[in-house]
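Below is my_file38.pdb, holding PDB, C-alpha atoms, pLDDT in the B column.
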ATOM      1  CA  MET A 273      43.199 122.235 273.561  1.00 49.00           C
ATOM      2  CA  ASP A 274      46.000 120.542 271.623  1.00 53.00           C
ATOM      3  CA  ALA A 275      45.157 116.953 270.739  1.00 57.00           C
ATOM      4  CA  PRO A 276      47.308 114.373 272.569  1.00 61.00           C
ATOM      5  CA  VAL A 277      49.497 112.490 270.104  1.00 62.00           C
ATOM      6  CA  ASP A 278      49.873 109.184 272.005  1.00 85.00           C
ATOM      7  CA  VAL A 279      47.201 106.646 272.889  1.00 88.00           C
ATOM      8  CA  ILE A 280      47.693 106.994 276.651  1.00 90.00           C
ATOM      9  CA  GLY A 281      47.404 110.761 276.373  1.00 90.00           C
ATOM     10  CA  ARG A 282      44.209 110.457 274.345  1.00 91.00           C
ATOM     11  CA  VAL A 283      42.653 107.999 276.770  1.00 93.00           C
ATOM     12  CA  SER A 284      43.606 110.209 279.713  1.00 90.00           C
ATOM     13  CA  ALA A 285      42.111 113.283 278.023  1.00 90.00           C
ATOM     14  CA  LEU A 286      38.862 111.430 277.303  1.00 92.00           C
ATOM     15  CA  LEU A 287      38.517 110.116 280.853  1.00 92.00           C
ATOM     16  CA  LYS A 288      39.078 113.628 282.206  1.00 87.00           C
ATOM     17  CA  ALA A 289      36.458 114.966 279.781  1.00 90.00           C
ATOM     18  CA  VAL A 290      33.915 112.374 280.898  1.00 92.00           C
ATOM     19  CA  SER A 291      34.800 112.978 284.554  1.00 88.00           C
ATOM     20  CA  ALA A 292      34.171 116.708 284.172  1.00 82.00           C
ATOM     21  CA  SER A 293      30.691 115.957 282.801  1.00 85.00           C
ATOM     22  CA  GLU A 294      29.553 113.830 285.745  1.00 82.00           C
ATOM     23  CA  PRO A 295      26.876 113.171 286.824  1.00 83.00           C
ATOM     24  CA  ALA A 296      25.028 114.063 283.607  1.00 87.00           C
ATOM     25  CA  GLY A 297      27.555 112.426 281.299  1.00 90.00           C
ATOM     26  CA  ALA A 298      28.963 113.586 277.970  1.00 93.00           C
ATOM     27  CA  THR A 299      28.014 112.910 274.388  1.00 94.00           C
ATOM     28  CA  THR A 300      30.710 111.598 272.098  1.00 95.00           C
ATOM     29  CA  SER A 301      30.952 115.004 270.422  1.00 95.00           C
ATOM     30  CA  GLU A 302      31.286 116.808 273.760  1.00 94.00           C
ATOM     31  CA  ALA A 303      33.973 114.450 275.017  1.00 93.00           C
ATOM     32  CA  ALA A 304      35.843 114.713 271.708  1.00 93.00           C
ATOM     33  CA  ARG A 305      35.773 118.518 271.804  1.00 92.00           C
ATOM     34  CA  VAL A 306      37.030 118.754 275.376  1.00 89.00           C
ATOM     35  CA  ALA A 307      39.744 116.160 274.726  1.00 90.00           C
ATOM     36  CA  GLY A 308      40.798 117.810 271.468  1.00 90.00           C
ATOM     37  CA  LEU A 309      40.136 114.702 269.382  1.00 92.00           C
ATOM     38  CA  ALA A 310      38.263 113.903 266.195  1.00 93.00           C
ATOM     39  CA  ARG A 311      34.827 112.467 266.925  1.00 94.00           C
ATOM     40  CA  PRO A 312      35.487 109.052 265.285  1.00 95.00           C
ATOM     41  CA  THR A 313      38.701 108.669 267.296  1.00 94.00           C
ATOM     42  CA  ALA A 314      36.926 109.607 270.506  1.00 94.00           C
ATOM     43  CA  HIS A 315      34.087 107.154 269.818  1.00 95.00           C
ATOM     44  CA  ARG A 316      36.476 104.300 269.099  1.00 94.00           C
ATOM     45  CA  LEU A 317      38.470 104.910 272.276  1.00 95.00           C
ATOM     46  CA  LEU A 318      35.390 105.375 274.454  1.00 95.00           C
ATOM     47  CA  ALA A 319      33.948 102.119 273.175  1.00 95.00           C
ATOM     48  CA  SER A 320      37.211 100.306 273.948  1.00 95.00           C
ATOM     49  CA  LEU A 321      37.227 101.827 277.415  1.00 95.00           C
ATOM     50  CA  ALA A 322      33.650 100.600 277.895  1.00 94.00           C
ATOM     51  CA  ASP A 323      34.741  97.069 277.022  1.00 94.00           C
ATOM     52  CA  ALA A 324      37.264  97.334 279.864  1.00 94.00           C
ATOM     53  CA  GLY A 325      34.695  98.751 282.295  1.00 94.00           C
ATOM     54  CA  LEU A 326      36.379 102.157 282.416  1.00 94.00           C
ATOM     55  CA  THR A 327      33.439 103.951 280.814  1.00 95.00           C
ATOM     56  CA  GLU A 328      29.792 103.106 280.280  1.00 95.00           C
ATOM     57  CA  ARG A 329      26.929 104.541 278.252  1.00 94.00           C
ATOM     58  CA  ASP A 330      23.518 105.425 279.643  1.00 93.00           C
ATOM     59  CA  GLN A 331      20.188 104.942 277.875  1.00 91.00           C
ATOM     60  CA  ASP A 332      20.477 108.400 276.290  1.00 92.00           C
ATOM     61  CA  GLY A 333      23.846 107.553 274.757  1.00 92.00           C
ATOM     62  CA  ARG A 334      25.876 109.735 277.125  1.00 95.00           C
ATOM     63  CA  TRP A 335      29.231 108.523 278.396  1.00 95.00           C
ATOM     64  CA  LEU A 336      29.872 108.097 282.125  1.00 94.00           C
ATOM     65  CA  LEU A 337      32.814 106.831 284.142  1.00 93.00           C
ATOM     66  CA  GLY A 338      32.740 103.060 284.454  1.00 92.00           C
ATOM     67  CA  PRO A 339      32.682 100.819 287.537  1.00 91.00           C
ATOM     68  CA  GLU A 340      36.247  99.589 287.058  1.00 92.00           C
ATOM     69  CA  LEU A 341      37.501 103.099 287.808  1.00 89.00           C
ATOM     70  CA  TYR A 342      35.830 102.927 291.206  1.00 84.00           C
ATOM     71  CA  PHE A 343      37.691  99.740 292.082  1.00 85.00           C
ATOM     72  CA  LEU A 344      40.984 101.130 290.820  1.00 85.00           C
ATOM     73  CA  GLY A 345      40.433 104.297 292.822  1.00 79.00           C
ATOM     74  CA  THR A 346      39.599 102.324 295.946  1.00 75.00           C
ATOM     75  CA  ALA A 347      42.864 100.389 295.615  1.00 76.00           C
ATOM     76  CA  ALA A 348      44.848 103.635 295.381  1.00 71.00           C
ATOM     77  CA  ALA A 349      42.925 105.514 298.068  1.00 66.00           C
ATOM     78  CA  SER A 350      45.172 104.553 300.957  1.00 60.00           C
ATOM     79  CA  ARG A 351      48.072 106.444 299.352  1.00 63.00           C
ATOM     80  CA  TYR A 352      46.267 109.425 297.864  1.00 62.00           C
ATOM     81  CA  ASP A 353      42.968 110.013 299.626  1.00 70.00           C
ATOM     82  CA  VAL A 354      43.026 113.076 301.866  1.00 86.00           C
ATOM     83  CA  THR A 355      39.308 113.759 301.673  1.00 88.00           C
ATOM     84  CA  ALA A 356      38.567 112.078 305.015  1.00 87.00           C
ATOM     85  CA  LEU A 357      40.826 114.626 306.701  1.00 90.00           C
ATOM     86  CA  ALA A 358      39.456 117.535 304.674  1.00 94.00           C
ATOM     87  CA  GLN A 359      35.766 116.673 305.109  1.00 93.00           C
ATOM     88  CA  PRO A 360      35.336 117.998 308.680  1.00 95.00           C
ATOM     89  CA  VAL A 361      37.058 121.265 307.762  1.00 96.00           C
ATOM     90  CA  VAL A 362      34.833 121.731 304.719  1.00 96.00           C
ATOM     91  CA  ARG A 363      31.771 120.987 306.823  1.00 95.00           C
ATOM     92  CA  ARG A 364      32.834 123.536 309.445  1.00 96.00           C
ATOM     93  CA  LEU A 365      33.164 126.193 306.756  1.00 96.00           C
ATOM     94  CA  SER A 366      29.716 125.490 305.340  1.00 95.00           C
ATOM     95  CA  VAL A 367      28.063 125.488 308.780  1.00 95.00           C
ATOM     96  CA  ALA A 368      29.830 128.644 309.928  1.00 95.00           C
ATOM     97  CA  THR A 369      29.058 130.667 306.789  1.00 95.00           C
ATOM     98  CA  GLY A 370      25.903 129.177 305.267  1.00 93.00           C
ATOM     99  CA  GLU A 371      27.741 129.037 301.922  1.00 94.00           C
ATOM    100  CA  SER A 372      28.789 126.024 299.857  1.00 93.00           C
ATOM    101  CA  ALA A 373      32.292 124.909 300.809  1.00 96.00           C
ATOM    102  CA  PHE A 374      34.787 122.830 298.821  1.00 95.00           C
ATOM    103  CA  PHE A 375      38.157 121.114 298.953  1.00 96.00           C
ATOM    104  CA  SER A 376      40.172 120.912 295.741  1.00 95.00           C
ATOM    105  CA  ALA A 377      43.527 119.367 294.869  1.00 94.00           C
ATOM    106  CA  ARG A 378      46.168 120.412 292.385  1.00 94.00           C
ATOM    107  CA  ARG A 379      46.793 117.908 289.630  1.00 90.00           C
ATOM    108  CA  GLY A 380      49.436 119.221 287.245  1.00 91.00           C
ATOM    109  CA  ASP A 381      48.143 122.416 285.647  1.00 93.00           C
ATOM    110  CA  GLU A 382      44.605 121.898 286.955  1.00 93.00           C
ATOM    111  CA  THR A 383      42.587 121.734 290.120  1.00 94.00           C
ATOM    112  CA  ILE A 384      40.003 119.036 290.688  1.00 91.00           C
ATOM    113  CA  CYS A 385      37.196 119.432 293.221  1.00 92.00           C
ATOM    114  CA  LEU A 386      37.127 116.503 295.662  1.00 91.00           C
ATOM    115  CA  VAL A 387      34.693 117.481 298.448  1.00 92.00           C
ATOM    116  CA  ARG A 388      31.529 119.610 298.540  1.00 92.00           C
ATOM    117  CA  GLU A 389      29.321 120.605 301.460  1.00 92.00           C
ATOM    118  CA  ASP A 390      26.248 122.752 300.824  1.00 90.00           C
ATOM    119  CA  GLY A 391      25.496 125.485 303.337  1.00 79.00           C
ATOM    120  CA  SER A 392      22.151 126.499 304.781  1.00 83.00           C
ATOM    121  CA  PHE A 393      21.599 129.522 302.529  1.00 74.00           C
ATOM    122  CA  PRO A 394      18.886 128.425 300.053  1.00 64.00           C
ATOM    123  CA  ILE A 395      20.386 130.071 296.927  1.00 64.00           C
ATOM    124  CA  ARG A 396      23.595 128.362 295.885  1.00 62.00           C
ATOM    125  CA  SER A 397      26.301 128.653 293.291  1.00 63.00           C
ATOM    126  CA  HIS A 398      26.576 125.623 291.026  1.00 63.00           C
ATOM    127  CA  VAL A 399      29.938 126.395 289.411  1.00 67.00           C
ATOM    128  CA  LEU A 400      31.754 123.733 291.441  1.00 69.00           C
ATOM    129  CA  HIS A 401      30.928 120.093 292.023  1.00 77.00           C
ATOM    130  CA  GLU A 402      32.912 116.978 292.841  1.00 80.00           C
ATOM    131  CA  GLY A 403      35.083 115.981 289.895  1.00 82.00           C
ATOM    132  CA  ILE A 404      35.050 119.291 288.025  1.00 86.00           C
ATOM    133  CA  ARG A 405      38.422 120.538 286.802  1.00 89.00           C
ATOM    134  CA  PHE A 406      39.658 124.035 286.061  1.00 93.00           C
ATOM    135  CA  PRO A 407      43.047 125.270 284.875  1.00 94.00           C
ATOM    136  CA  LEU A 408      45.173 126.999 287.487  1.00 97.00           C
ATOM    137  CA  GLY A 409      44.298 130.678 287.655  1.00 96.00           C
ATOM    138  CA  VAL A 410      40.638 130.330 286.648  1.00 93.00           C
ATOM    139  CA  ALA A 411      38.430 129.396 289.627  1.00 93.00           C
ATOM    140  CA  SER A 412      39.342 130.793 293.048  1.00 96.00           C
ATOM    141  CA  ALA A 413      40.935 127.503 294.152  1.00 97.00           C
ATOM    142  CA  GLY A 414      43.245 127.464 291.146  1.00 96.00           C
ATOM    143  CA  LEU A 415      44.085 131.129 291.630  1.00 97.00           C
ATOM    144  CA  ALA A 416      44.943 130.582 295.301  1.00 98.00           C
ATOM    145  CA  ILE A 417      47.280 127.726 294.380  1.00 98.00           C
ATOM    146  CA  LEU A 418      48.877 129.503 291.417  1.00 98.00           C
ATOM    147  CA  ALA A 419      49.504 132.678 293.424  1.00 98.00           C
ATOM    148  CA  PHE A 420      51.677 130.866 295.953  1.00 97.00           C
ATOM    149  CA  LEU A 421      53.890 129.037 293.487  1.00 97.00           C
ATOM    150  CA  ASP A 422      57.279 130.672 292.973  1.00 95.00           C
ATOM    151  CA  ASP A 423      57.568 133.359 290.296  1.00 96.00           C
ATOM    152  CA  ALA A 424      59.475 131.160 287.833  1.00 96.00           C
ATOM    153  CA  GLU A 425      56.819 128.447 287.966  1.00 96.00           C
ATOM    154  CA  VAL A 426      54.033 131.017 287.584  1.00 97.00           C
ATOM    155  CA  GLU A 427      55.650 132.583 284.522  1.00 96.00           C
ATOM    156  CA  SER A 428      56.388 129.187 282.961  1.00 96.00           C
ATOM    157  CA  TYR A 429      52.734 128.233 283.361  1.00 96.00           C
ATOM    158  CA  LEU A 430      51.382 131.515 281.981  1.00 96.00           C
ATOM    159  CA  ALA A 431      53.699 131.225 278.975  1.00 95.00           C
ATOM    160  CA  ARG A 432      52.291 127.839 277.932  1.00 93.00           C
ATOM    161  CA  VAL A 433      48.562 128.376 278.450  1.00 94.00           C
ATOM    162  CA  ASP A 434      45.958 130.617 276.848  1.00 94.00           C
ATOM    163  CA  LEU A 435      43.238 130.988 279.459  1.00 95.00           C
ATOM    164  CA  ALA A 436      41.600 133.879 277.613  1.00 94.00           C
ATOM    165  CA  ASP A 437      40.819 131.676 274.609  1.00 92.00           C
ATOM    166  CA  GLU A 438      38.351 129.589 276.626  1.00 88.00           C
ATOM    167  CA  TYR A 439      37.470 131.835 279.567  1.00 92.00           C
ATOM    168  CA  GLY A 440      37.503 135.319 278.032  1.00 92.00           C
ATOM    169  CA  ASP A 441      39.599 138.470 278.176  1.00 93.00           C
ATOM    170  CA  GLN A 442      39.263 138.685 281.950  1.00 93.00           C
ATOM    171  CA  HIS A 443      41.664 135.730 281.978  1.00 95.00           C
ATOM    172  CA  SER A 444      44.342 137.354 279.854  1.00 96.00           C
ATOM    173  CA  THR A 445      47.891 136.892 281.120  1.00 96.00           C
ATOM    174  CA  ASP A 446      48.051 140.448 282.459  1.00 96.00           C
ATOM    175  CA  ALA A 447      44.676 140.095 284.187  1.00 96.00           C
ATOM    176  CA  VAL A 448      45.726 136.837 285.855  1.00 97.00           C
ATOM    177  CA  ARG A 449      49.013 138.416 286.962  1.00 97.00           C
ATOM    178  CA  GLY A 450      47.014 141.222 288.560  1.00 97.00           C
ATOM    179  CA  ARG A 451      44.825 138.765 290.474  1.00 97.00           C
ATOM    180  CA  ILE A 452      47.923 136.833 291.565  1.00 97.00           C
ATOM    181  CA  SER A 453      49.363 140.036 293.021  1.00 97.00           C
ATOM    182  CA  ARG A 454      46.140 140.838 294.880  1.00 97.00           C
ATOM    183  CA  THR A 455      45.880 137.264 296.150  1.00 97.00           C
ATOM    184  CA  ARG A 456      49.408 137.349 297.527  1.00 97.00           C
ATOM    185  CA  GLU A 457      48.686 140.646 299.244  1.00 97.00           C
ATOM    186  CA  ALA A 458      45.423 139.475 300.818  1.00 96.00           C
ATOM    187  CA  GLY A 459      46.504 135.886 301.465  1.00 97.00           C
ATOM    188  CA  PHE A 460      43.348 134.502 299.841  1.00 97.00           C
ATOM    189  CA  ALA A 461      41.869 134.521 296.318  1.00 97.00           C
ATOM    190  CA  THR A 462      38.597 136.078 295.159  1.00 96.00           C
ATOM    191  CA  ASN A 463      36.730 135.229 291.973  1.00 95.00           C
ATOM    192  CA  PRO A 464      34.154 138.025 291.426  1.00 94.00           C
ATOM    193  CA  GLY A 465      31.807 136.184 289.064  1.00 90.00           C
ATOM    194  CA  LEU A 466      34.391 135.613 286.338  1.00 90.00           C
ATOM    195  CA  ILE A 467      33.115 132.140 285.388  1.00 88.00           C
ATOM    196  CA  VAL A 468      29.381 132.623 285.923  1.00 87.00           C
ATOM    197  CA  GLU A 469      28.092 136.166 286.374  1.00 86.00           C
ATOM    198  CA  GLY A 470      26.845 136.784 289.890  1.00 87.00           C
ATOM    199  CA  SER A 471      28.508 133.646 291.292  1.00 90.00           C
ATOM    200  CA  TRP A 472      31.431 134.535 293.547  1.00 93.00           C
ATOM    201  CA  GLY A 473      34.123 132.358 295.061  1.00 94.00           C
ATOM    202  CA  MET A 474      36.888 132.784 297.601  1.00 97.00           C
ATOM    203  CA  ALA A 475      39.706 130.350 298.355  1.00 97.00           C
ATOM    204  CA  ALA A 476      42.804 129.840 300.486  1.00 98.00           C
ATOM    205  CA  ALA A 477      45.699 127.572 299.597  1.00 98.00           C
ATOM    206  CA  VAL A 478      46.578 124.523 301.679  1.00 97.00           C
ATOM    207  CA  PHE A 479      50.273 123.656 301.821  1.00 96.00           C
ATOM    208  CA  ASP A 480      52.201 120.379 301.981  1.00 92.00           C
ATOM    209  CA  ALA A 481      55.252 119.544 304.103  1.00 88.00           C
ATOM    210  CA  ASP A 482      57.515 121.394 301.633  1.00 90.00           C
ATOM    211  CA  GLU A 483      55.380 124.550 301.925  1.00 93.00           C
ATOM    212  CA  ARG A 484      54.059 124.116 298.400  1.00 95.00           C
ATOM    213  CA  PRO A 485      50.380 124.867 297.620  1.00 97.00           C
ATOM    214  CA  GLN A 486      48.814 121.529 296.698  1.00 95.00           C
ATOM    215  CA  TRP A 487      45.185 121.969 297.761  1.00 96.00           C
ATOM    216  CA  ALA A 488      42.647 124.730 298.405  1.00 97.00           C
ATOM    217  CA  LEU A 489      39.561 125.437 300.492  1.00 97.00           C
ATOM    218  CA  THR A 490      36.797 127.389 298.754  1.00 97.00           C
ATOM    219  CA  LEU A 491      33.553 129.152 299.609  1.00 96.00           C
ATOM    220  CA  THR A 492      31.064 130.045 296.866  1.00 94.00           C
ATOM    221  CA  GLY A 493      27.787 131.906 296.772  1.00 91.00           C
ATOM    222  CA  ILE A 494      25.823 134.676 295.126  1.00 90.00           C
ATOM    223  CA  GLN A 495      27.341 138.137 294.758  1.00 90.00           C
ATOM    224  CA  GLN A 496      25.045 139.749 297.334  1.00 90.00           C
ATOM    225  CA  ARG A 497      26.552 137.496 300.026  1.00 91.00           C
ATOM    226  CA  PHE A 498      30.105 138.693 299.332  1.00 92.00           C
ATOM    227  CA  SER A 499      30.131 142.360 300.340  1.00 89.00           C
ATOM    228  CA  GLY A 500      33.448 143.997 301.195  1.00 88.00           C
ATOM    229  CA  PRO A 501      33.254 143.603 304.994  1.00 90.00           C
ATOM    230  CA  ARG A 502      32.014 140.010 304.715  1.00 93.00           C
ATOM    231  CA  ARG A 503      34.788 139.146 302.242  1.00 94.00           C
ATOM    232  CA  ARG A 504      37.335 140.119 304.865  1.00 94.00           C
ATOM    233  CA  GLU A 505      35.527 137.974 307.437  1.00 95.00           C
ATOM    234  CA  LEU A 506      35.301 134.993 305.074  1.00 96.00           C
ATOM    235  CA  GLY A 507      38.921 135.425 303.997  1.00 96.00           C
ATOM    236  CA  GLU A 508      40.153 135.326 307.581  1.00 96.00           C
ATOM    237  CA  LEU A 509      38.058 132.217 308.234  1.00 97.00           C
ATOM    238  CA  LEU A 510      39.404 130.489 305.120  1.00 97.00           C
ATOM    239  CA  LEU A 511      42.993 131.294 306.098  1.00 97.00           C
ATOM    240  CA  ARG A 512      42.500 129.908 309.613  1.00 97.00           C
ATOM    241  CA  GLU A 513      40.960 126.672 308.376  1.00 97.00           C
ATOM    242  CA  ALA A 514      43.563 126.336 305.600  1.00 97.00           C
ATOM    243  CA  HIS A 515      46.308 126.653 308.212  1.00 96.00           C
ATOM    244  CA  VAL A 516      44.665 123.952 310.339  1.00 95.00           C
ATOM    245  CA  LEU A 517      44.297 121.632 307.347  1.00 95.00           C
ATOM    246  CA  SER A 518      47.882 122.256 306.196  1.00 95.00           C
ATOM    247  CA  ARG A 519      49.133 121.103 309.579  1.00 92.00           C
ATOM    248  CA  THR A 520      46.824 118.088 309.494  1.00 90.00           C
ATOM    249  CA  LEU A 521      47.881 116.962 306.012  1.00 85.00           C
ATOM    250  CA  ARG A 522      51.637 117.402 306.396  1.00 76.00           C
ATOM    251  CA  PRO A 523      52.319 113.995 307.985  1.00 61.00           C
ATOM    252  CA  ARG A 524      50.674 112.380 304.919  1.00 49.00           C
ATOM    253  CA  ALA A 525      52.440 114.552 302.327  1.00 45.00           C
TER
END

Structure translated into structure tokens:
Amino acid sequence: MDAPVDVIGRVSALLKAVSASEPAGATTSEAARVAGLARPTAHRLLASLADAGLTERDQDGRWLLGPELYFLGTAAASRYDVTALAQPVVRRLSVATGESAFFSARRGDETICLVREDGSFPIRSHVLHEGIRFPLGVASAGLAILAFLDDAEVESYLARVDLADEYGDQHSTDAVRGRISRTREAGFATNPGLIVEGSWGMAAAVFDADERPQWALTLTGIQQRFSGPRRRELGELLLREAHVLSRTLRPRA
């Protein structure tokens, strides 16, 4: 990624890099690479953030999010937290299907996973976890959201990103456009093992009061659990629950 040129941008990129590595944490080199910064710059900023309680380092030298972020997040939760409303929907999906279910939110050009509920099926996909971020158009949640933006916004986004550089040729602009078209036709998105082979995901967009896709509900599991007939069944279930959650979230939007 392009290195941020301002201090705030660099700090933000580093915090996002550390967040994406939770709960294992990130080395300085890993955080620097993800943030697009030189290692010495990343180390200096991470150390300063640690002094402020925004990061901390474990006994193995890996960086983790710091306790001060928890308190800041708690203060902001009353205005931004929708997870309490999404949690019962995510739980219903996991119970009904046996698969792992998730709730993700759009944040700029990314999605961030906020809620996870593991299903009863013993073999699970581990692509998603709370805090992980993906660019729009990569995981099924980001594809579901991207597909239901207007055409001008979709094309503007695709013109400024290079998903294939990090995620492979299956994420070329033309390939993403094709998946957008299929998602719009079906109403829900399918990721047929494009991030981790054999790990499938399906998602439906959740809309705000202005009918804009701001969140997504996702189901993930192994390929054998996502046969054609079952995909249609899961897709219909996702769409029903996404509709319910859209109506629930609109008063808070």

- line: Using only C-alpha atoms, the best pick from A:Ala296, A:Ala289, A:Leu421, A:Val448 as closest to Leu309 of chain A would be A:Ala289

task: I need the residue set behind the PyMOL selection byres ((chain A and resi 509) around 12) for this file; please write it as a PyMOL selection string.
output: chain A and resi 361-362+364-366+368-369+373+459-460+474-476+489-491+502-508+510-516

query: Do you have the atom CA of Arg522 of chain A-atom CA of Leu386 of chain A distance handy?
result: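 It comes out at 18.1 Å.
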
- prompt: Applied to the shown file, which residues does the PyMOL selection byres ((chain A and resi 429) around 12) return, written as a VMD selection string?
  reply: chain A and resid 380 to 382 407 to 409 418 to 419 421 to 428 430 to 435 445 448 to 449

message: Quick one: residues within 10 Å of Arg305 of chain A, all atoms listed in the file, excluding same-chain residues fewer than 2 positions away - as a PyMOL selection string?
response: chain A and resi 273+275+286+289+299-303+307-311+314

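Coordinates place atom CA of Ala347 of chain A at a distance of 20.7 Å from atom CA of Ile280 of chain A.
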
query: So how many Å separate atom CA of Arg316 of chain A and atom CA of Thr346 of chain A, to one decimal?
result: 27.1 Å

task: List, as number ranges by chain, every residue that the PyMOL selection byres ((chain A and resi 478-480) around 7) selects in the file provided.
output: A: 476-477, 481-488, 514-515, 517-518, 521-522, 525

Edge lengths and centre in Å to one decimal, as lines of an AutoDock Vina configuration file, is what I'm after for the box along x, y and z that holds all listed atoms of segment 362-381 of chain A once 3 Å is added on each side.
center_x = 37.7
center_y = 124.3
center_z = 297.8
size_x = 29.5
size_y = 18.8
size_z = 30.3

task: Find the residue from A:Val387, A:Tyr342, A:Ile452, A:Ala348 that sits nearest to Pro360 of chain A; use all atoms listed in the file when measuring.
output: A:Val387
